[in-house]
Amino acid sequence: MPNDFNQQVIEEFRANNGRVGGPFEGARLILLTTTGIRSGAPHTTPVGYLPDGDRILVIASAGGAPRHPDWYRNLVAEPRVTVEDGVFTYEAEATVLTGAERDRLFARAAEADPGWAEYQDRTERVIPVVALREIPGPPDLGARSMGEGLKLVHDAFRRELALIRAEVAASGPGLGAQLRVNCLTFCGGLLHHHTMEDTGMFPALAGQRPELAPVVERLHEEHRHIADLVAELREVVSADGAGRARTLAEVERLTAELEGHLAYEEEKLIPVLDAALP
């Protein structure tokens, strides 16, 4: 894509916490910063990604062009990259996948979106699939306060769940492999977030503000209930012959319960977080 178009997307992405319009509206998008081979300078590019458990996948399609995109050549030379997902900015290690693993994951992507196969048909090169795995360390939360940070994280879960809901509704009678992975990755991320709240933020708040005990207990209980819903969704998605109707029903049930939980947590905790914690 032309540099001026890329820059426009980058600015919109950063200004709106990962939300953009135009051809990327509703897409899973990150900003990927690599180190230039010749210049040694950072280069940032908007790139679509696919969830894959504790890592994400990016595909160096370049729209089926005959040459690999610059960002791909950069990360081959220097695999340490920076990822911005609209909420967090973190360092990641890039691994170019090869052989059967590359072929399996590219086929999974093409099943979910035939555009990937169309790009491959346009070029003689084998389009690379790259895994980005976060390097352990505290990510940078792009928020001015704890309360704002909580809302950013919540909104990211809302957007991803809405996207999954739309993907399930538009799927065939059965669920494709990538859609299953999307669901399972979301479930894992949500449970991790709730565990971090239960073991970190909630005890800190309760220690500073004892009068919040009823609120914290309700949130703990809602976490337990949501964990049960997540377990049911995981079971449905993981079953052989998982179907659209049952999966959509579970996604919609989780959506309704989660939205109520998030709204209550924001109402009760954001003012306290902004007043009590740096």
# chains A, B, ... in the order shown; residues from 1 in each chain; ligands from 1

$ closest_atom_pairs --of "range 42-140 of chain A" --to "range 20-29 of chain A" --cutoff "8 Å" --atoms "only C-alpha atoms" --output "CSV"
residue,atom,partner,partner_atom,distance
A:Pro46,CA,A:Leu29,CA,6.7
A:Val47,CA,A:Leu29,CA,5.7
A:Gly48,CA,A:Leu29,CA,4.5
A:Tyr49,CA,A:Arg28,CA,5.8
A:Leu50,CA,A:Arg28,CA,7.2
A:Asp85,CA,A:Leu29,CA,7.1

$ residues_around --residues "range 99-107 of chain A" --least-positions-apart "5" --cutoff "12 Å" --atoms "only C-alpha atoms" --output "number ranges by chain"
A: 50-52, 56-61, 112-120, 126-131, 176-178, 181

$ write_last_selection --atoms "N, CA and C atoms" --output "CSV table (one decimal), in the first residue's frame"
chain,number,residue,atom,x,y,z
A,50,LEU,N,-4.3,-13.0,12.5
A,50,LEU,CA,-5.3,-14.1,12.9
A,50,LEU,C,-4.9,-14.5,14.3
A,51,PRO,N,-5.9,-14.7,15.2
A,51,PRO,CA,-5.7,-15.2,16.5
A,51,PRO,C,-5.1,-16.7,16.4
A,52,ASP,N,-4.3,-17.0,17.3
A,52,ASP,CA,-3.7,-18.4,17.4
A,52,ASP,C,-3.2,-18.7,18.8
A,56,ILE,N,-0.1,-14.5,17.7
A,56,ILE,CA,-0.9,-14.1,16.6
A,56,ILE,C,-0.1,-14.4,15.3
A,57,LEU,N,-0.9,-14.6,14.2
A,57,LEU,CA,-0.3,-14.9,12.9
A,57,LEU,C,-0.5,-13.7,12.0
A,58,VAL,N,0.5,-13.4,11.2
A,58,VAL,CA,0.4,-12.4,10.1
A,58,VAL,C,0.9,-13.1,8.8
A,59,ILE,N,0.3,-12.7,7.7
A,59,ILE,CA,0.6,-13.3,6.4
A,59,ILE,C,1.1,-12.3,5.5
A,60,ALA,N,2.3,-12.5,4.9
A,60,ALA,CA,3.0,-11.6,4.1
A,60,ALA,C,2.5,-11.7,2.6
A,61,SER,N,1.3,-11.4,2.4
A,61,SER,CA,0.7,-11.6,1.1
A,61,SER,C,1.1,-10.5,0.1
A,112,ALA,N,-11.1,-19.7,6.1
A,112,ALA,CA,-11.9,-18.6,6.7
A,112,ALA,C,-12.1,-17.4,5.8
A,113,ASP,N,-11.1,-17.1,4.9
A,113,ASP,CA,-11.1,-16.0,4.0
A,113,ASP,C,-10.5,-16.4,2.7
A,114,PRO,N,-11.3,-16.7,1.7
A,114,PRO,CA,-10.7,-17.1,0.4
A,114,PRO,C,-9.8,-16.1,-0.3
A,115,GLY,N,-9.8,-14.9,0.2
A,115,GLY,CA,-8.9,-13.9,-0.4
A,115,GLY,C,-7.4,-14.3,-0.2
A,116,TRP,N,-7.1,-15.0,0.8
A,116,TRP,CA,-5.7,-15.4,1.0
A,116,TRP,C,-5.3,-16.4,-0.1
A,117,ALA,N,-6.2,-17.3,-0.5
A,117,ALA,CA,-5.9,-18.2,-1.6
A,117,ALA,C,-5.8,-17.5,-2.9
A,118,GLU,N,-6.6,-16.4,-3.1
A,118,GLU,CA,-6.6,-15.7,-4.3
A,118,GLU,C,-5.2,-15.0,-4.4
A,119,TYR,N,-4.7,-14.4,-3.3
A,119,TYR,CA,-3.4,-13.8,-3.3
A,119,TYR,C,-2.3,-14.8,-3.7
A,120,GLN,N,-2.4,-16.0,-3.2
A,120,GLN,CA,-1.4,-17.1,-3.5
A,120,GLN,C,-1.5,-17.4,-5.0
A,126,VAL,N,5.9,-18.5,-2.5
A,126,VAL,CA,5.1,-19.1,-1.4
A,126,VAL,C,4.9,-18.0,-0.4
A,127,ILE,N,3.6,-17.6,-0.2
A,127,ILE,CA,3.3,-16.5,0.7
A,127,ILE,C,3.6,-16.9,2.2
A,128,PRO,N,4.5,-16.2,2.8
A,128,PRO,CA,4.9,-16.6,4.2
A,128,PRO,C,3.8,-16.4,5.2
A,129,VAL,N,3.9,-17.2,6.2
A,129,VAL,CA,3.1,-17.1,7.5
A,129,VAL,C,4.0,-16.9,8.6
A,130,VAL,N,3.8,-15.8,9.4
A,130,VAL,CA,4.7,-15.5,10.5
A,130,VAL,C,4.0,-15.5,11.8
A,131,ALA,N,4.5,-16.1,12.8
A,131,ALA,CA,4.0,-16.1,14.2
A,131,ALA,C,4.6,-15.0,15.0
A,176,GLY,N,-15.6,-23.5,10.7
A,176,GLY,CA,-14.2,-23.7,10.2
A,176,GLY,C,-13.2,-23.7,11.3
A,177,ALA,N,-12.0,-24.2,10.9
A,177,ALA,CA,-10.9,-24.4,11.9
A,177,ALA,C,-10.5,-23.0,12.5
A,178,GLN,N,-10.4,-22.0,11.7
A,178,GLN,CA,-9.9,-20.7,12.2
A,178,GLN,C,-11.0,-20.1,13.1
A,181,VAL,N,-10.6,-21.5,16.4
A,181,VAL,CA,-9.4,-20.9,17.1
A,181,VAL,C,-9.8,-19.5,17.6

$ closest_residue --among "A:Arg165, A:Arg209, A:Arg122, A:His194" --to "Ala62 in chain A" --atoms "only C-alpha atoms"
A:Arg122

$ select_by_dssp --residues "range 80-125 of chain A" --states "helix (DSSP H, G or I)" --output "ChimeraX atom specification"
/A:99-112,115-122

$ closest_residue --among "A:Ala143, A:Ala65, A:Ala213, A:Leu179" --to "Ala109 in chain A" --atoms "only C-alpha atoms"
A:Leu179

$ residues_around --residues "Val83 in chain A" --least-positions-apart "4" --cutoff "9 Å" --atoms "only C-alpha atoms" --output "number ranges by chain"
A: 30-33, 88-92, 132, 134

$ residues_around --residues "range 258-267 of chain A" --least-positions-apart "5" --cutoff "10 Å" --atoms "only C-alpha atoms" --output "number ranges by chain"
A: 147-148, 150-151, 154-155, 157-158, 161, 190, 215-216, 218-219, 222-223, 225-226, 229, 252-253, 272-273

$ select_by_dssp --residues "range 119-215 of chain A" --states "strand (DSSP E)" --output "list in words"
Val129, Val130, Ala131, Leu132, Arg133, Glu134, Asp140 and Leu141 of chain A

$ write_last_selection --atoms "N, CA and C atoms" --output "compact mmCIF listing (two decimals), in the first residue's frame"
# COMPACT_ATOMS: atom_id res chain seq x y z
N VAL A 129 3.86 -17.24 6.24
CA VAL A 129 3.05 -17.07 7.45
C VAL A 129 4.02 -16.87 8.61
N VAL A 130 3.80 -15.82 9.40
CA VAL A 130 4.71 -15.46 10.48
C VAL A 130 3.95 -15.48 11.80
N ALA A 131 4.54 -16.12 12.82
CA ALA A 131 3.97 -16.11 14.16
C ALA A 131 4.65 -15.02 14.98
N LEU A 132 3.86 -14.24 15.70
CA LEU A 132 4.37 -13.20 16.59
C LEU A 132 4.01 -13.60 18.02
N ARG A 133 5.03 -13.83 18.83
CA ARG A 133 4.80 -14.22 20.21
C ARG A 133 5.36 -13.14 21.13
N GLU A 134 4.52 -12.68 22.07
CA GLU A 134 4.92 -11.61 22.97
C GLU A 134 6.13 -12.02 23.80
N ASP A 140 2.97 -1.94 27.42
CA ASP A 140 2.62 -0.54 27.62
C ASP A 140 1.12 -0.38 27.37
N LEU A 141 0.39 -0.01 28.41
CA LEU A 141 -1.04 0.22 28.29
C LEU A 141 -1.26 1.65 27.83

$ residues_around --residues "Ala275 in chain A" --least-positions-apart "4" --cutoff "10 Å" --atoms "only C-alpha atoms" --output "PyMOL selection string"
chain A and resi 145-147+269-271

$ write_last_selection --atoms "N, CA and C atoms" --output "PDB file, in the first residue's frame"
ATOM      1  N   SER A 145      -4.991   6.725  32.579  1.00  0.00           N
ATOM      2  CA  SER A 145      -5.367   6.391  33.950  1.00  0.00           C
ATOM      3  C   SER A 145      -5.755   4.925  34.010  1.00  0.00           C
ATOM      4  N   MET A 146      -5.832   4.391  35.231  1.00  0.00           N
ATOM      5  CA  MET A 146      -6.254   3.003  35.410  1.00  0.00           C
ATOM      6  C   MET A 146      -7.685   2.790  34.933  1.00  0.00           C
ATOM      7  N   GLY A 147      -8.547   3.771  35.215  1.00  0.00           N
ATOM      8  CA  GLY A 147      -9.928   3.641  34.784  1.00  0.00           C
ATOM      9  C   GLY A 147     -10.048   3.611  33.270  1.00  0.00           C
ATOM     10  N   LEU A 269     -16.198   0.780  39.402  1.00  0.00           N
ATOM     11  CA  LEU A 269     -14.760   0.814  39.654  1.00  0.00           C
ATOM     12  C   LEU A 269     -13.997   1.924  38.953  1.00  0.00           C
ATOM     13  N   ILE A 270     -14.460   2.366  37.784  1.00  0.00           N
ATOM     14  CA  ILE A 270     -13.672   3.381  37.080  1.00  0.00           C
ATOM     15  C   ILE A 270     -13.484   4.647  37.915  1.00  0.00           C
ATOM     16  N   PRO A 271     -14.530   5.193  38.543  1.00  0.00           N
ATOM     17  CA  PRO A 271     -14.289   6.387  39.373  1.00  0.00           C
ATOM     18  C   PRO A 271     -13.321   6.110  40.519  1.00  0.00           C
TER      19      PRO A 271
END

$ residues_around --residues "Asn74 in chain A" --least-positions-apart "5" --cutoff "7 Å" --atoms "only C-alpha atoms" --output "compact mmCIF listing (two decimals) with C-alpha atoms, in the first residue's frame"
# COMPACT_ATOMS: atom_id res chain seq x y z
CA THR A 34 10.12 -3.59 12.25
CA THR A 35 13.72 -2.45 11.92
CA GLY A 36 14.76 -1.39 8.41
CA ILE A 37 17.42 -3.64 6.90

$ closest_residue --among "A:Thr98, A:Asn3, A:Thr123, A:Thr255" --to "Thr45 in chain A" --atoms "only C-alpha atoms"
A:Asn3

$ closest_residue --among "A:Ala245, A:Leu254, A:Val87, A:Leu97" --to "Ala170 in chain A" --atoms "only C-alpha atoms"
A:Ala245

$ decode --residues "range 210-225 of chain A" --atoms "all heavy atoms" --output "mmCIF file, in the first residue's frame"
data_model
loop_
_atom_site.group_PDB
_atom_site.id
_atom_site.type_symbol
_atom_site.label_atom_id
_atom_site.label_comp_id
_atom_site.auth_asym_id
_atom_site.auth_seq_id
_atom_site.Cartn_x
_atom_site.Cartn_y
_atom_site.Cartn_z
ATOM 1 N N PRO A 210 -12.322 -0.627 51.948
ATOM 2 C CA PRO A 210 -13.097 -1.747 52.506
ATOM 3 C C PRO A 210 -14.590 -1.676 52.171
ATOM 4 O O PRO A 210 -15.258 -2.704 52.109
ATOM 5 C CB PRO A 210 -12.854 -1.620 54.013
ATOM 6 C CG PRO A 210 -11.566 -0.877 54.134
ATOM 7 C CD PRO A 210 -11.535 0.071 52.969
ATOM 8 N N GLU A 211 -15.105 -0.463 51.965
ATOM 9 C CA GLU A 211 -16.534 -0.337 51.658
ATOM 10 C C GLU A 211 -16.898 -0.927 50.298
ATOM 11 O O GLU A 211 -18.086 -1.110 49.981
ATOM 12 C CB GLU A 211 -16.959 1.137 51.719
ATOM 13 C CG GLU A 211 -16.437 2.012 50.581
ATOM 14 C CD GLU A 211 -15.038 2.559 50.843
ATOM 15 O OE1 GLU A 211 -14.354 2.063 51.744
ATOM 16 O OE2 GLU A 211 -14.653 3.506 50.117
ATOM 17 N N LEU A 212 -15.880 -1.252 49.496
ATOM 18 C CA LEU A 212 -16.137 -1.870 48.191
ATOM 19 C C LEU A 212 -16.308 -3.383 48.278
ATOM 20 O O LEU A 212 -16.485 -4.036 47.247
ATOM 21 C CB LEU A 212 -14.992 -1.558 47.225
ATOM 22 C CG LEU A 212 -14.888 -0.133 46.695
ATOM 23 C CD1 LEU A 212 -13.649 0.021 45.826
ATOM 24 C CD2 LEU A 212 -16.129 0.257 45.914
ATOM 25 N N ALA A 213 -16.262 -3.941 49.475
ATOM 26 C CA ALA A 213 -16.339 -5.399 49.623
ATOM 27 C C ALA A 213 -17.553 -6.002 48.915
ATOM 28 O O ALA A 213 -17.418 -7.021 48.213
ATOM 29 C CB ALA A 213 -16.321 -5.783 51.102
ATOM 30 N N PRO A 214 -18.766 -5.440 49.037
ATOM 31 C CA PRO A 214 -19.906 -6.034 48.328
ATOM 32 C C PRO A 214 -19.750 -5.987 46.810
ATOM 33 O O PRO A 214 -20.148 -6.916 46.109
ATOM 34 C CB PRO A 214 -21.096 -5.182 48.788
ATOM 35 C CG PRO A 214 -20.660 -4.556 50.061
ATOM 36 C CD PRO A 214 -19.191 -4.327 49.921
ATOM 37 N N VAL A 215 -19.177 -4.899 46.296
ATOM 38 C CA VAL A 215 -18.955 -4.792 44.853
ATOM 39 C C VAL A 215 -17.957 -5.840 44.396
ATOM 40 O O VAL A 215 -18.179 -6.550 43.400
ATOM 41 C CB VAL A 215 -18.451 -3.377 44.487
ATOM 42 C CG1 VAL A 215 -18.044 -3.319 43.012
ATOM 43 C CG2 VAL A 215 -19.518 -2.340 44.795
ATOM 44 N N VAL A 216 -16.849 -5.966 45.121
ATOM 45 C CA VAL A 216 -15.819 -6.933 44.740
ATOM 46 C C VAL A 216 -16.360 -8.344 44.813
ATOM 47 O O VAL A 216 -16.085 -9.176 43.932
ATOM 48 C CB VAL A 216 -14.579 -6.758 45.642
ATOM 49 C CG1 VAL A 216 -13.594 -7.906 45.431
ATOM 50 C CG2 VAL A 216 -13.899 -5.412 45.356
ATOM 51 N N GLU A 217 -17.156 -8.653 45.839
ATOM 52 C CA GLU A 217 -17.718 -10.002 45.949
ATOM 53 C C GLU A 217 -18.668 -10.291 44.791
ATOM 54 O O GLU A 217 -18.669 -11.398 44.237
ATOM 55 C CB GLU A 217 -18.449 -10.157 47.279
ATOM 56 C CG GLU A 217 -19.053 -11.540 47.487
ATOM 57 C CD GLU A 217 -18.065 -12.673 47.269
ATOM 58 O OE1 GLU A 217 -16.890 -12.547 47.676
ATOM 59 O OE2 GLU A 217 -18.459 -13.694 46.670
ATOM 60 N N ARG A 218 -19.476 -9.296 44.417
ATOM 61 C CA ARG A 218 -20.363 -9.510 43.260
ATOM 62 C C ARG A 218 -19.549 -9.752 41.992
ATOM 63 O O ARG A 218 -19.889 -10.633 41.191
ATOM 64 C CB ARG A 218 -21.287 -8.305 43.076
ATOM 65 C CG ARG A 218 -22.080 -8.372 41.776
ATOM 66 C CD ARG A 218 -23.113 -7.290 41.649
ATOM 67 N NE ARG A 218 -23.590 -7.167 40.276
ATOM 68 C CZ ARG A 218 -24.595 -6.393 39.880
ATOM 69 N NH1 ARG A 218 -25.259 -5.669 40.785
ATOM 70 N NH2 ARG A 218 -24.950 -6.332 38.606
ATOM 71 N N LEU A 219 -18.475 -8.987 41.812
ATOM 72 C CA LEU A 219 -17.649 -9.174 40.618
ATOM 73 C C LEU A 219 -16.982 -10.545 40.625
ATOM 74 O O LEU A 219 -16.894 -11.201 39.578
ATOM 75 C CB LEU A 219 -16.600 -8.057 40.533
ATOM 76 C CG LEU A 219 -17.160 -6.655 40.262
ATOM 77 C CD1 LEU A 219 -16.058 -5.615 40.389
ATOM 78 C CD2 LEU A 219 -17.812 -6.582 38.884
ATOM 79 N N HIS A 220 -16.512 -10.995 41.791
ATOM 80 C CA HIS A 220 -15.956 -12.347 41.889
ATOM 81 C C HIS A 220 -17.002 -13.382 41.467
ATOM 82 O O HIS A 220 -16.703 -14.320 40.713
ATOM 83 C CB HIS A 220 -15.513 -12.638 43.319
ATOM 84 C CG HIS A 220 -14.167 -12.108 43.678
ATOM 85 N ND1 HIS A 220 -13.035 -12.345 42.930
ATOM 86 C CD2 HIS A 220 -13.750 -11.350 44.738
ATOM 87 C CE1 HIS A 220 -11.997 -11.755 43.504
ATOM 88 N NE2 HIS A 220 -12.403 -11.134 44.591
ATOM 89 N N GLU A 221 -18.214 -13.231 41.960
ATOM 90 C CA GLU A 221 -19.275 -14.183 41.648
ATOM 91 C C GLU A 221 -19.605 -14.148 40.152
ATOM 92 O O GLU A 221 -19.826 -15.204 39.520
ATOM 93 C CB GLU A 221 -20.522 -13.865 42.467
ATOM 94 C CG GLU A 221 -21.685 -14.830 42.243
ATOM 95 C CD GLU A 221 -21.331 -16.273 42.533
ATOM 96 O OE1 GLU A 221 -20.545 -16.534 43.466
ATOM 97 O OE2 GLU A 221 -21.830 -17.163 41.802
ATOM 98 N N GLU A 222 -19.645 -12.969 39.572
ATOM 99 C CA GLU A 222 -19.904 -12.867 38.137
ATOM 100 C C GLU A 222 -18.777 -13.513 37.334
ATOM 101 O O GLU A 222 -19.026 -14.141 36.289
ATOM 102 C CB GLU A 222 -20.090 -11.401 37.741
ATOM 103 C CG GLU A 222 -21.399 -10.817 38.261
ATOM 104 C CD GLU A 222 -21.595 -9.362 37.875
ATOM 105 O OE1 GLU A 222 -20.654 -8.750 37.297
ATOM 106 O OE2 GLU A 222 -22.689 -8.824 38.152
ATOM 107 N N HIS A 223 -17.539 -13.384 37.809
ATOM 108 C CA HIS A 223 -16.432 -14.058 37.137
ATOM 109 C C HIS A 223 -16.631 -15.567 37.143
ATOM 110 O O HIS A 223 -16.361 -16.244 36.133
ATOM 111 C CB HIS A 223 -15.110 -13.715 37.823
ATOM 112 C CG HIS A 223 -14.583 -12.362 37.466
ATOM 113 N ND1 HIS A 223 -13.372 -11.885 37.924
ATOM 114 C CD2 HIS A 223 -15.101 -11.362 36.692
ATOM 115 C CE1 HIS A 223 -13.164 -10.670 37.447
ATOM 116 N NE2 HIS A 223 -14.203 -10.330 36.712
ATOM 117 N N ARG A 224 -17.087 -16.103 38.258
ATOM 118 C CA ARG A 224 -17.323 -17.550 38.330
ATOM 119 C C ARG A 224 -18.425 -17.970 37.365
ATOM 120 O O ARG A 224 -18.324 -19.008 36.699
ATOM 121 C CB ARG A 224 -17.666 -17.958 39.766
ATOM 122 C CG ARG A 224 -16.475 -17.882 40.721
ATOM 123 C CD ARG A 224 -16.797 -18.478 42.077
ATOM 124 N NE ARG A 224 -17.612 -17.586 42.889
ATOM 125 C CZ ARG A 224 -17.124 -16.687 43.729
ATOM 126 N NH1 ARG A 224 -15.817 -16.536 43.869
ATOM 127 N NH2 ARG A 224 -17.934 -15.927 44.455
ATOM 128 N N HIS A 225 -19.469 -17.161 37.283
ATOM 129 C CA HIS A 225 -20.572 -17.484 36.365
ATOM 130 C C HIS A 225 -20.113 -17.398 34.914
ATOM 131 O O HIS A 225 -20.423 -18.283 34.094
ATOM 132 C CB HIS A 225 -21.737 -16.518 36.606
ATOM 133 C CG HIS A 225 -22.880 -16.687 35.663
ATOM 134 N ND1 HIS A 225 -23.564 -17.884 35.502
ATOM 135 C CD2 HIS A 225 -23.467 -15.809 34.796
ATOM 136 C CE1 HIS A 225 -24.519 -17.734 34.590
ATOM 137 N NE2 HIS A 225 -24.469 -16.482 34.159
#
